[in-house]
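Q: Supplied structure: coords_3.cif, mmCIF, C-alpha atoms.
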data_work
#
loop_
_atom_site.label_atom_id
_atom_site.label_comp_id
_atom_site.auth_asym_id
_atom_site.auth_seq_id
_atom_site.Cartn_x
_atom_site.Cartn_y
_atom_site.Cartn_z
CA MET T 25 13.60 1.83 -25.31
CA SER T 26 14.78 5.40 -24.93
CA ASP T 27 17.64 6.47 -22.71
CA ASN T 28 15.42 8.84 -20.74
CA PRO T 29 14.40 7.40 -17.42
CA ILE T 30 10.71 6.46 -17.40
CA PRO T 31 8.76 8.39 -14.75
CA LYS T 32 8.35 6.42 -11.55
CA ILE T 33 4.59 6.92 -11.61
CA VAL T 34 4.45 5.19 -15.01
CA ILE T 35 6.40 2.22 -13.68
CA SER T 36 4.05 2.01 -10.70
CA ARG T 37 1.04 1.67 -13.02
CA LEU T 38 2.48 -1.19 -15.09
CA PRO T 39 1.84 -3.84 -12.39
CA VAL T 40 -1.76 -2.65 -12.21
CA TYR T 41 -2.16 -3.09 -15.97
CA LEU T 42 -0.51 -6.47 -15.72
CA ARG T 43 -2.89 -7.54 -12.96
CA ALA T 44 -5.96 -6.51 -14.96
CA LEU T 45 -4.66 -8.24 -18.10
CA SER T 46 -3.97 -11.44 -16.14
CA ARG T 47 -7.56 -11.43 -14.94
CA MET T 48 -8.75 -11.07 -18.52
CA VAL T 49 -6.67 -13.97 -19.71
CA SER T 50 -7.87 -16.13 -16.81
CA LYS T 51 -11.38 -15.53 -18.11
CA GLY T 52 -10.36 -16.55 -21.61
CA GLN T 53 -10.29 -13.04 -23.09
CA LEU T 54 -7.80 -12.73 -25.96
CA VAL T 55 -8.01 -9.09 -27.03
CA THR T 56 -8.55 -5.80 -25.19
CA SER T 57 -8.30 -2.07 -25.82
CA SER T 58 -6.91 0.88 -23.90
CA HIS T 59 -10.53 1.97 -23.57
CA GLU T 60 -11.65 -1.27 -21.94
CA LEU T 61 -8.58 -1.47 -19.73
CA GLY T 62 -9.03 2.15 -18.66
CA LYS T 63 -12.66 1.57 -17.79
CA ALA T 64 -11.76 -1.42 -15.64
CA LEU T 65 -9.06 0.53 -13.82
CA GLY T 66 -10.53 4.01 -13.58
CA ILE T 67 -7.64 5.42 -15.67
CA SER T 68 -8.07 7.28 -18.94
CA SER T 69 -7.38 5.30 -22.11
CA ALA T 70 -5.06 8.12 -23.26
CA GLN T 71 -2.99 7.67 -20.09
CA ILE T 72 -2.68 3.95 -20.70
CA ARG T 73 -1.60 4.45 -24.32
CA LYS T 74 0.90 7.08 -23.25
CA ASP T 75 2.32 4.89 -20.46
CA LEU T 76 2.76 1.93 -22.79
CA SER T 77 4.25 4.09 -25.56
CA HIS T 78 7.35 4.55 -23.40
CA PHE T 79 8.19 0.93 -24.12
CA GLY T 80 7.21 0.47 -27.75
CA GLU T 81 4.18 -0.37 -29.87
CA PHE T 82 2.01 -3.08 -28.34
CA GLY T 83 -1.22 -2.76 -30.29
CA LYS T 84 -2.54 -1.57 -33.59
CA GLN T 85 -4.93 1.34 -33.99
CA GLY T 86 -8.41 -0.14 -34.18
CA THR T 87 -7.53 -3.74 -33.38
CA GLY T 88 -6.49 -3.31 -29.74
CA TYR T 89 -4.00 -5.34 -27.74
CA GLN T 90 -3.39 -9.07 -27.80
CA VAL T 91 -3.77 -9.77 -24.07
CA GLU T 92 -1.21 -12.56 -23.75
CA PHE T 93 1.36 -10.68 -25.81
CA LEU T 94 0.96 -7.55 -23.70
CA ILE T 95 1.26 -9.64 -20.53
CA SER T 96 4.51 -11.17 -21.72
CA GLN T 97 5.89 -7.78 -22.73
CA LEU T 98 4.98 -6.13 -19.43
CA SER T 99 6.41 -9.09 -17.53
CA GLN T 100 9.69 -8.69 -19.37
CA ILE T 101 9.77 -4.94 -18.78
CA LEU T 102 9.20 -5.48 -15.05
CA ASN T 103 11.76 -8.29 -14.97
CA LEU T 104 9.15 -10.84 -14.00
CA ASP T 105 10.30 -13.41 -16.53
CA ARG T 106 12.14 -15.01 -13.62
CA GLU T 107 11.21 -15.81 -10.03
CA TRP T 108 12.42 -13.48 -7.28
CA GLU T 109 13.18 -14.86 -3.85
CA VAL T 110 11.86 -12.75 -1.00
CA ALA T 111 12.97 -12.71 2.64
CA VAL T 112 10.34 -11.86 5.24
CA ILE T 113 11.60 -10.30 8.47
CA GLY T 114 9.16 -10.72 11.34
CA SER T 115 6.81 -13.64 11.94
CA GLY T 116 4.04 -11.85 13.82
CA ASP T 117 0.53 -11.47 12.42
CA ILE T 118 1.61 -9.60 9.30
CA GLY T 119 4.70 -11.73 8.62
CA HIS T 120 2.53 -14.78 9.09
CA ALA T 121 -0.06 -13.50 6.63
CA ILE T 122 2.66 -12.67 4.09
CA ALA T 123 4.34 -16.08 4.43
CA ARG T 124 1.02 -17.83 3.88
CA TYR T 125 -0.23 -15.54 1.09
CA GLN T 126 -0.97 -17.53 -2.06
CA GLY T 127 -0.85 -14.52 -4.37
CA PHE T 128 2.92 -14.21 -4.81
CA SER T 129 3.91 -17.32 -6.73
CA ASP T 130 2.04 -16.70 -9.97
CA ARG T 131 3.17 -13.07 -10.04
CA GLY T 132 6.92 -13.55 -9.89
CA PHE T 133 7.80 -13.93 -6.21
CA ARG T 134 8.47 -16.63 -3.67
CA VAL T 135 8.86 -16.13 0.05
CA SER T 136 11.82 -18.39 0.61
CA VAL T 137 13.01 -17.46 4.07
CA ILE T 138 11.54 -15.89 7.22
CA PHE T 139 13.27 -14.50 10.28
CA ASP T 140 12.28 -13.50 13.79
CA SER T 141 14.24 -12.23 16.77
CA ASP T 142 11.90 -13.88 19.27
CA PRO T 143 13.47 -17.19 20.43
CA HIS T 144 9.95 -18.56 21.05
CA LYS T 145 9.14 -18.16 17.36
CA VAL T 146 12.46 -19.30 15.93
CA GLY T 147 12.23 -22.95 14.85
CA SER T 148 8.47 -22.87 14.29
CA PHE T 149 7.12 -23.46 10.79
CA ILE T 150 4.88 -21.22 8.68
CA ASN T 151 3.61 -22.61 5.41
CA GLY T 152 6.45 -25.14 5.44
CA LEU T 153 9.14 -22.52 6.13
CA GLU T 154 11.19 -22.67 9.29
CA VAL T 155 11.47 -19.37 11.14
CA LEU T 156 15.18 -18.55 11.37
CA PRO T 157 16.86 -16.39 14.02
CA SER T 158 17.42 -12.73 13.04
CA ASP T 159 21.13 -12.97 13.72
CA LYS T 160 21.39 -15.20 10.64
CA ILE T 161 19.97 -12.56 8.26
CA ILE T 162 23.29 -11.47 6.80
CA GLU T 163 24.64 -15.00 6.46
CA VAL T 164 21.53 -16.47 4.80
CA LEU T 165 20.66 -13.55 2.51
CA THR T 166 24.25 -13.19 1.30
CA GLN T 167 24.60 -16.92 0.70
CA ARG T 168 21.35 -17.17 -1.24
CA ASN T 169 21.80 -13.83 -3.01
CA ILE T 170 18.33 -12.65 -1.93
CA GLN T 171 17.75 -9.10 -3.10
CA ILE T 172 14.23 -8.40 -1.84
CA ALA T 173 13.10 -8.15 1.79
CA MET T 174 9.68 -7.52 3.28
CA LEU T 175 9.75 -6.00 6.75
CA ALA T 176 6.89 -6.98 9.04
CA ILE T 177 8.31 -5.61 12.28
CA PRO T 178 7.48 -2.77 14.69
CA ALA T 179 8.60 0.76 13.80
CA GLU T 180 11.22 0.87 16.53
CA TYR T 181 13.27 -1.95 14.98
CA ALA T 182 12.70 -1.06 11.34
CA GLN T 183 15.74 1.14 10.70
CA LYS T 184 18.14 -1.27 12.39
CA VAL T 185 16.79 -4.24 10.43
CA THR T 186 16.90 -2.15 7.25
CA ASP T 187 20.59 -1.49 7.81
CA THR T 188 21.13 -5.21 8.30
CA VAL T 189 19.33 -6.36 5.14
CA VAL T 190 21.08 -3.65 3.12
CA GLU T 191 24.39 -4.91 4.46
CA ALA T 192 23.29 -8.38 3.33
CA GLY T 193 22.90 -7.14 -0.25
CA VAL T 194 19.17 -6.45 -0.39
CA ARG T 195 18.28 -3.83 -3.02
CA ALA T 196 14.49 -3.65 -2.65
CA ILE T 197 12.59 -3.34 0.61
CA LEU T 198 8.85 -3.44 1.11
CA SER T 199 8.15 -2.27 4.64
CA TYR T 200 4.97 -2.68 6.70
CA ALA T 201 6.49 -0.70 9.57
CA PRO T 202 4.86 2.73 9.91
CA ILE T 203 8.08 4.74 9.64
CA SER T 204 10.14 6.23 6.81
CA LEU T 205 13.44 4.42 6.33
CA ASN T 206 16.83 5.75 5.36
CA VAL T 207 18.61 3.69 2.73
CA PRO T 208 21.56 4.19 0.39
CA ASP T 209 20.80 5.41 -3.16
CA HIS T 210 21.08 1.97 -4.74
CA VAL T 211 18.28 0.55 -2.55
CA ARG T 212 14.55 0.98 -3.35
CA VAL T 213 12.01 1.21 -0.56
CA SER T 214 8.26 0.96 -0.79
CA TYR T 215 5.81 1.19 2.08
CA ILE T 216 2.54 -0.41 3.05
CA ASP T 217 0.80 1.46 5.85
CA PRO T 218 -2.97 0.99 5.88
CA VAL T 219 -3.45 4.00 8.15
CA THR T 220 -1.98 6.46 5.63
CA HIS T 221 -4.45 5.10 3.07
CA LEU T 222 -7.34 5.50 5.49
CA GLN T 223 -6.25 9.01 6.49
CA SER T 224 -6.05 10.11 2.85
CA MET T 225 -9.65 9.02 2.43
CA THR T 226 -11.05 10.60 5.61
CA TYR T 227 -9.93 13.97 4.23
CA TYR T 228 -12.69 13.60 1.64
CA LEU T 229 -15.21 11.89 3.88
CA SER T 230 -16.00 14.74 6.13
CA THR T 231 -15.65 17.36 3.44
CA GLU T 232 -18.42 15.61 1.60
CA ALA T 233 -20.50 15.11 4.73
CA ASP T 234 -20.17 18.83 5.50
CA LEU T 235 -21.27 19.74 2.01
CA MET T 236 -24.24 17.45 2.27
CA SER T 237 -25.30 18.92 5.57
CA GLN T 238 -25.15 22.49 4.30
CA PRO T 239 -28.55 24.08 3.71
CA LEU T 240 -29.27 24.42 -0.01
CA MET Z 6 -8.55 27.38 2.52
CA SER Z 7 -9.01 28.01 -1.18
CA ASP Z 8 -11.94 26.72 -3.20
CA ASN Z 9 -9.66 24.89 -5.61
CA PRO Z 10 -9.53 21.20 -4.93
CA ILE Z 11 -6.19 20.22 -3.44
CA PRO Z 12 -4.32 17.72 -5.65
CA LYS Z 13 -4.85 14.14 -4.52
CA ILE Z 14 -1.10 13.55 -4.36
CA VAL Z 15 -0.78 16.38 -1.82
CA ILE Z 16 -3.49 14.86 0.36
CA SER Z 17 -1.76 11.48 0.18
CA ARG Z 18 1.45 13.00 1.58
CA LEU Z 19 -0.19 14.64 4.60
CA PRO Z 20 -0.56 11.34 6.52
CA VAL Z 21 3.13 10.68 5.94
CA TYR Z 22 4.01 14.10 7.38
CA LEU Z 23 1.68 13.46 10.28
CA ARG Z 24 3.32 10.10 10.97
CA ALA Z 25 6.82 11.60 11.00
CA LEU Z 26 5.70 14.48 13.25
CA SER Z 27 4.07 12.05 15.68
CA ARG Z 28 7.33 10.17 15.94
CA MET Z 29 9.13 13.41 16.71
CA VAL Z 30 6.70 14.33 19.46
CA SER Z 31 6.94 10.84 20.96
CA LYS Z 32 10.67 11.49 21.27
CA GLY Z 33 10.03 14.82 22.97
CA GLN Z 34 10.94 17.02 20.01
CA LEU Z 35 9.04 20.33 20.05
CA VAL Z 36 10.17 22.13 16.89
CA THR Z 37 11.09 20.98 13.40
CA SER Z 38 11.74 22.46 9.95
CA SER Z 39 10.69 21.54 6.42
CA HIS Z 40 14.36 20.74 5.88
CA GLU Z 41 14.52 18.23 8.74
CA LEU Z 42 11.15 16.72 7.85
CA GLY Z 43 12.18 16.42 4.23
CA LYS Z 44 15.41 14.71 5.12
CA ALA Z 45 13.59 12.16 7.30
CA LEU Z 46 11.10 11.43 4.53
CA GLY Z 47 13.20 11.67 1.39
CA ILE Z 48 11.03 14.55 0.11
CA SER Z 49 12.38 18.01 -0.76
CA SER Z 50 11.79 20.73 1.82
CA ALA Z 51 10.32 22.92 -0.94
CA GLN Z 52 7.74 20.23 -1.67
CA ILE Z 53 6.75 20.05 1.98
CA ARG Z 54 6.39 23.84 2.26
CA LYS Z 55 4.35 23.92 -0.94
CA ASP Z 56 2.09 21.06 0.21
CA LEU Z 57 1.42 22.74 3.55
CA SER Z 58 0.85 26.15 1.97
CA HIS Z 59 -2.38 24.83 0.47
CA PHE Z 60 -3.83 24.90 3.96
CA GLY Z 61 -2.39 28.07 5.50
CA GLU Z 62 0.69 29.24 7.34
CA PHE Z 63 1.99 26.77 9.89
CA GLY Z 64 5.48 28.01 10.58
CA LYS Z 65 7.54 31.15 10.53
CA GLN Z 66 10.51 31.69 8.25
CA GLY Z 67 13.59 30.82 10.27
CA THR Z 68 11.86 29.45 13.35
CA GLY Z 69 10.35 26.29 11.84
CA TYR Z 70 7.22 24.45 12.85
CA GLN Z 71 5.85 23.80 16.33
CA VAL Z 72 5.50 20.02 16.09
CA GLU Z 73 2.39 19.63 18.25
CA PHE Z 74 0.62 22.54 16.59
CA LEU Z 75 1.32 21.14 13.12
CA ILE Z 76 0.09 17.71 14.24
CA SER Z 77 -3.17 19.17 15.48
CA GLN Z 78 -3.64 21.18 12.28
CA LEU Z 79 -2.95 18.20 10.01
CA SER Z 80 -5.25 16.04 12.12
CA GLN Z 81 -8.04 18.56 11.67
CA ILE Z 82 -7.43 18.83 7.93
CA LEU Z 83 -7.59 15.04 7.57
CA ASN Z 84 -10.66 14.86 9.82
CA LEU Z 85 -8.83 12.85 12.43
CA ASP Z 86 -10.08 14.93 15.35
CA ARG Z 87 -12.65 12.18 15.82
CA GLU Z 88 -12.47 8.38 15.83
CA TRP Z 89 -13.60 6.53 12.71
CA GLU Z 90 -15.16 3.10 13.05
CA VAL Z 91 -13.92 0.59 10.50
CA ALA Z 92 -15.56 -2.64 9.34
CA VAL Z 93 -13.28 -5.48 8.30
CA ILE Z 94 -14.68 -7.95 5.78
CA GLY Z 95 -12.89 -11.28 5.84
CA SER Z 96 -11.31 -13.00 8.84
CA GLY Z 97 -8.58 -14.97 7.09
CA ASP Z 98 -4.89 -14.27 7.66
CA ILE Z 99 -5.04 -10.66 6.50
CA GLY Z 100 -8.35 -9.83 8.21
CA HIS Z 101 -6.97 -11.40 11.34
CA ALA Z 102 -3.81 -9.31 11.19
CA ILE Z 103 -5.85 -6.13 10.61
CA ALA Z 104 -8.22 -6.86 13.48
CA ARG Z 105 -5.30 -7.43 15.84
CA TYR Z 106 -3.16 -4.52 14.57
CA GLN Z 107 -2.37 -2.09 17.38
CA GLY Z 108 -1.49 0.79 15.08
CA PHE Z 109 -4.99 2.06 14.29
CA SER Z 110 -6.26 3.40 17.58
CA ASP Z 111 -3.82 6.24 18.13
CA ARG Z 112 -4.13 7.35 14.51
CA GLY Z 113 -7.88 7.86 14.31
CA PHE Z 114 -9.39 4.46 13.60
CA ARG Z 115 -11.02 1.59 15.43
CA VAL Z 116 -11.88 -1.78 13.93
CA SER Z 117 -15.29 -2.21 15.46
CA VAL Z 118 -16.81 -5.06 13.50
CA ILE Z 119 -15.57 -8.00 11.44
CA PHE Z 120 -17.45 -10.27 9.05
CA ASP Z 121 -16.87 -13.59 7.36
CA SER Z 122 -18.96 -15.74 5.06
CA ASP Z 123 -17.47 -18.98 6.38
CA PRO Z 124 -19.84 -20.49 8.99
CA HIS Z 125 -16.83 -22.09 10.69
CA LYS Z 126 -15.36 -18.67 11.39
CA VAL Z 127 -18.58 -16.87 12.31
CA GLY Z 128 -18.92 -16.70 16.09
CA SER Z 129 -15.20 -16.94 16.77
CA PHE Z 130 -13.47 -14.00 18.45
CA ILE Z 131 -10.50 -11.96 17.21
CA ASN Z 132 -9.03 -9.41 19.59
CA GLY Z 133 -12.29 -9.42 21.52
CA LEU Z 134 -14.46 -8.93 18.42
CA GLU Z 135 -16.99 -11.56 17.43
CA VAL Z 136 -16.86 -12.53 13.75
CA LEU Z 137 -20.31 -11.81 12.32
CA PRO Z 138 -21.91 -13.50 9.30
CA SER Z 139 -21.54 -11.65 5.99
CA ASP Z 140 -25.28 -11.57 5.44
CA LYS Z 141 -25.50 -9.08 8.30
CA ILE Z 142 -23.20 -6.53 6.63
CA ILE Z 143 -25.94 -4.21 5.42
CA GLU Z 144 -27.91 -4.37 8.66
CA VAL Z 145 -24.95 -3.77 10.99
CA LEU Z 146 -23.14 -1.13 8.92
CA THR Z 147 -26.32 0.85 8.32
CA GLN Z 148 -27.34 0.68 11.96
CA ARG Z 149 -23.93 1.81 13.22
CA ASN Z 150 -23.40 4.30 10.42
CA ILE Z 151 -19.99 2.83 9.58
CA GLN Z 152 -18.51 4.61 6.60
CA ILE Z 153 -15.17 2.84 6.18
CA ALA Z 154 -14.60 -0.80 5.20
CA MET Z 155 -11.42 -2.78 4.76
CA LEU Z 156 -11.73 -5.75 2.42
CA ALA Z 157 -9.55 -8.74 3.24
CA ILE Z 158 -11.14 -11.22 0.86
CA PRO Z 159 -10.15 -13.08 -2.31
CA ALA Z 160 -10.36 -11.20 -5.63
CA GLU Z 161 -13.30 -13.25 -6.87
CA TYR Z 162 -15.62 -11.96 -4.14
CA ALA Z 163 -14.31 -8.43 -3.93
CA GLN Z 164 -16.66 -6.69 -6.37
CA LYS Z 165 -19.75 -8.34 -4.90
CA VAL Z 166 -18.76 -7.41 -1.34
CA THR Z 167 -17.90 -3.89 -2.53
CA ASP Z 168 -21.42 -3.50 -3.92
CA THR Z 169 -22.79 -4.70 -0.57
CA VAL Z 170 -20.79 -2.30 1.62
CA VAL Z 171 -21.59 0.59 -0.72
CA GLU Z 172 -25.27 -0.29 -0.41
CA ALA Z 173 -24.73 -0.20 3.36
CA GLY Z 174 -23.53 3.41 3.15
CA VAL Z 175 -19.75 2.91 3.15
CA ARG Z 176 -17.93 5.81 1.48
CA ALA Z 177 -14.30 4.72 1.82
CA ILE Z 178 -12.92 1.28 1.00
CA LEU Z 179 -9.42 0.01 1.57
CA SER Z 180 -9.06 -3.23 -0.33
CA TYR Z 181 -6.42 -5.93 0.03
CA ALA Z 182 -7.95 -7.94 -2.82
CA PRO Z 183 -5.71 -7.84 -5.91
CA ILE Z 184 -8.36 -6.47 -8.29
CA SER Z 185 -9.58 -3.01 -9.31
CA LEU Z 186 -13.06 -2.28 -7.99
CA ASN Z 187 -15.90 -0.37 -9.58
CA VAL Z 188 -17.63 2.05 -7.22
CA PRO Z 189 -19.98 5.02 -7.57
CA ASP Z 190 -18.43 8.51 -7.71
CA HIS Z 191 -19.14 9.31 -4.07
CA VAL Z 192 -17.10 6.34 -2.83
CA ARG Z 193 -13.29 6.42 -2.45
CA VAL Z 194 -11.23 3.28 -2.95
CA SER Z 195 -7.64 2.68 -2.04
CA TYR Z 196 -5.69 -0.50 -2.60
CA ILE Z 197 -3.02 -2.47 -0.82
CA ASP Z 198 -1.41 -5.09 -3.02
CA PRO Z 199 2.13 -5.99 -1.97
CA VAL Z 200 2.84 -7.58 -5.34
CA THR Z 201 2.34 -4.34 -7.27
CA HIS Z 202 4.87 -2.71 -4.93
CA LEU Z 203 7.34 -5.54 -5.47
CA GLN Z 204 6.85 -5.49 -9.23
CA SER Z 205 7.47 -1.73 -9.38
CA MET Z 206 10.79 -2.33 -7.65
CA THR Z 207 11.95 -5.29 -9.76
CA TYR Z 208 11.78 -3.01 -12.81
CA TYR Z 209 14.78 -1.19 -11.34
CA LEU Z 210 16.50 -4.23 -9.86
CA SER Z 211 17.47 -5.92 -13.04
CA THR Z 212 18.14 -2.71 -14.90
CA GLU Z 213 20.75 -1.92 -12.32
CA ALA Z 214 22.11 -5.47 -12.30
CA ASP Z 215 22.44 -5.31 -16.10
CA LEU Z 216 24.25 -2.03 -15.88
CA MET Z 217 26.61 -3.43 -13.31
CA SER Z 218 27.38 -6.52 -15.37
CA GLN Z 219 28.13 -4.50 -18.50
CA PRO Z 220 31.82 -4.29 -19.33
CA LEU Z 221 33.11 -0.80 -18.62
#
How would this structure read if it were set down as structure tokens?
A:
Amino acid sequence: MSDNPIPKIVISRLPVYLRALSRMVSKGQLVTSSHELGKALGISSAQIRKDLSHFGEFGKQGTGYQVEFLISQLSQILNLDREWEVAVIGSGDIGHAIARYQGFSDRGFRVSVIFDSDPHKVGSFINGLEVLPSDKIIEVLTQRNIQIAMLAIPAEYAQKVTDTVVEAGVRAILSYAPISLNVPDHVRVSYIDPVTHLQSMTYYLSTEADLMSQPL
Amino acid sequence: MSDNPIPKIVISRLPVYLRALSRMVSKGQLVTSSHELGKALGISSAQIRKDLSHFGEFGKQGTGYQVEFLISQLSQILNLDREWEVAVIGSGDIGHAIARYQGFSDRGFRVSVIFDSDPHKVGSFINGLEVLPSDKIIEVLTQRNIQIAMLAIPAEYAQKVTDTVVEAGVRAILSYAPISLNVPDHVRVSYIDPVTHLQSMTYYLSTEADLMSQPL
């Protein structure tokens, strides 16, 4: 591995490659190519080869990639050869859906604790996990050395809760709150906001509709 | 506006600017600057000015941007000066959370119909919306001219449902299923997969932990 930092956009594509490869292996496929992978993902095969070349040689010209080998290599690169505990903050609809989501465990993550500030929700159980009171965040996360938090709370509380989980030692935050968060340099933040996705697509929607309605 | 297509990455940042500006206006702020906006978003002010310059002149050197004016311009650019109806496919935990989410309506979208293939769920109500049977997707979407669908279904059904909504005239799909979808060129797809976000962050987590544990 070189000393140059790998571009963030490259890192963000590796999980997508990993996901596609895992689907292949679940269907019993043993070998693939950058061409096939690119076609499945809508990414050029040259891009895939270039992305992977940052990390070494994973296939041979003409024979393609061994799917299971590439999976294990990508998993190592992404530090998924261990299980990461995740804290969920907020037990409303989204927190609920996250805590019950079956898609984490075979991809490296386990929701191991969930918090809410609402006394009516504290003490209830979601998917076998007891909802803990928010004022225990620092104590529990520090004790269990949990480094990843998912925020499923309204925008108005998001910065305050962010400060709290950062104080508790969290170094990666995935936030569903529709607001940009301020964090120290050593903390990563990623956002899930369905509306920004939708709004990026409506830009194209009407443009195309306008074009279609223009007289030829 | 120039005839050159605007880079996709620029378009994807506009909703984030819009979101930050809307927060400012909700707090009564009338004027901002690319510097202030950049600081709130962790984006350089030069990047913001460059992104906006694709679409015209929105502020004056030294006096900054009128927040409400910039909001109305960005809304027009993103075609949000109308309300878009959205169909949700799948009424499990995620579909449920989407259908009940309060954050769509003031940002240009309305979930107006929800489908499920499970006869036990069909006929139930979520947030006042009746869950309709999946075999009505083409009929209902065509009739109501719905062009946006959100998929909240397991990966194994996602491609089949995608083909169905595309047949029904949908031109923008936001999918929560952890699989890459194949669509015709005139259809946009965007994905929400929390695990890919988490995996992009764990790449950095252990790297940093390793660095910290190295003897100095």
Q: Take CA of Ala173 (chain Z) and CA of Ile94 (chain Z) and report the distance between them in Å, one decimal.
A: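 Here the two named atoms are 12.9 Å from each other.
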Q: Give me the chain T side of the contact with chain Z, cut-off 7 Å, one line per residue showing its nearest atom pair and distance in Å at one decimal, counting all atoms listed in the file, sorted by chain and residue number, as CSV.
A:
residue,atom,partner,partner_atom,distance
T:Ile35,CA,Z:Ser205,CA,5.9
T:Ser36,CA,Z:Ser205,CA,5.2
T:Pro39,CA,Z:Thr201,CA,5.2
T:Val40,CA,Z:Thr201,CA,6.6
T:Ala64,CA,Z:Ser185,CA,6.9
T:Leu65,CA,Z:Ser185,CA,5.8
T:Ile101,CA,Z:Tyr208,CA,6.6
T:Leu102,CA,Z:Tyr208,CA,4.2
T:Asn103,CA,Z:Tyr208,CA,5.7
T:Asp117,CA,Z:Ala102,CA,5.0
T:Ile118,CA,Z:Ala102,CA,5.7
T:Ala121,CA,Z:Asp98,CA,5.0
T:Phe128,CA,Z:Val200,CA,6.7
T:Ala196,CA,Z:Met206,CA,6.4
T:Ser204,CA,Z:Leu46,CA,5.8
T:Arg212,CA,Z:Met206,CA,6.6
T:Ser214,CA,Z:His202,CA,6.5
T:Val219,CA,Z:Phe109,CA,6.6
T:Thr220,CA,Z:Pro20,CA,5.2
T:His221,CA,Z:Ser195,CA,6.5
T:Gln223,CA,Z:Pro20,CA,6.1
T:Ser224,CA,Z:Ser17,CA,5.2
T:Met225,CA,Z:Ala177,CA,6.4
T:Thr226,CA,Z:Leu83,CA,6.0
T:Tyr227,CA,Z:Leu83,CA,4.2
T:Ser230,CA,Z:Asn84,CA,6.5
Q: Using only C-alpha atoms, which residue out of T:Gln97, T:Ser69, T:Lys145, T:Met48 lies closest to Phe82 (chain T)?
A: T:Gln97
Q: Would you compute the distance between CA of Pro29 (chain T) and CA of Ser57 (chain T)? Give it in Å to one decimal.
A: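 Rounded to one decimal, the two atoms are 26.0 Å apart.
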Q: At a cut-off of 12 Å, using all atoms listed in the file, what residues contact region 88-91 of chain T? Leave out same-chain residues fewer than 3 positions from it and give the result as a ChimeraX atom specification.
A: /T:41-61,69,72-73,76,81-85,94-98
Q: On this file, the PyMOL selection byres ((chain Z and resi 172) around 12) gives some set of residues; write that set as an NGL selection string.
A: :Z and (142-147 or 150-152 or 165-171 or 173-176 or 188-189 or 191-192)
Q: Of the candidates Z:Asp190, Z:Gly133, Z:His125, Z:Ser96, which shows the shortest atom-to-atom distance to Ile158 (chain Z), using all atoms listed in the file?
A: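 Checking each candidate against Ile158 (chain Z), we get Z:Ser96 as the closest.
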Q: Hey, can you check how far CA of Ala51 (chain Z) sits from CA of Thr68 (chain Z)?
A: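 Answer for the CA of Ala51 (chain Z) to CA of Thr68 (chain Z) separation: 15.8 Å.
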Q: Let me know the centre plus edge lengths, in Å and rounded to one decimal, of a box with edges along x, y and z that contains all listed atoms of region 95-107 of chain T and is padded by 5 Å on every side, as lines of an AutoDock Vina configuration file.
A:
center_x = 6.7
center_y = -10.4
center_z = -16.4
size_x = 20.9
size_y = 20.9
size_z = 22.7
Q: Could you state which residues are captured by the PyMOL selection byres ((chain Z and resi 127) around 6) in this file, as a list of chain:residue names?
A: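 So the PyMOL selection byres ((chain Z and resi 127) around 6), applied here, picks out Z:Pro124, Z:His125, Z:Lys126, Z:Gly128, Z:Ser129, Z:Val136, Z:Leu137, Z:Pro138.
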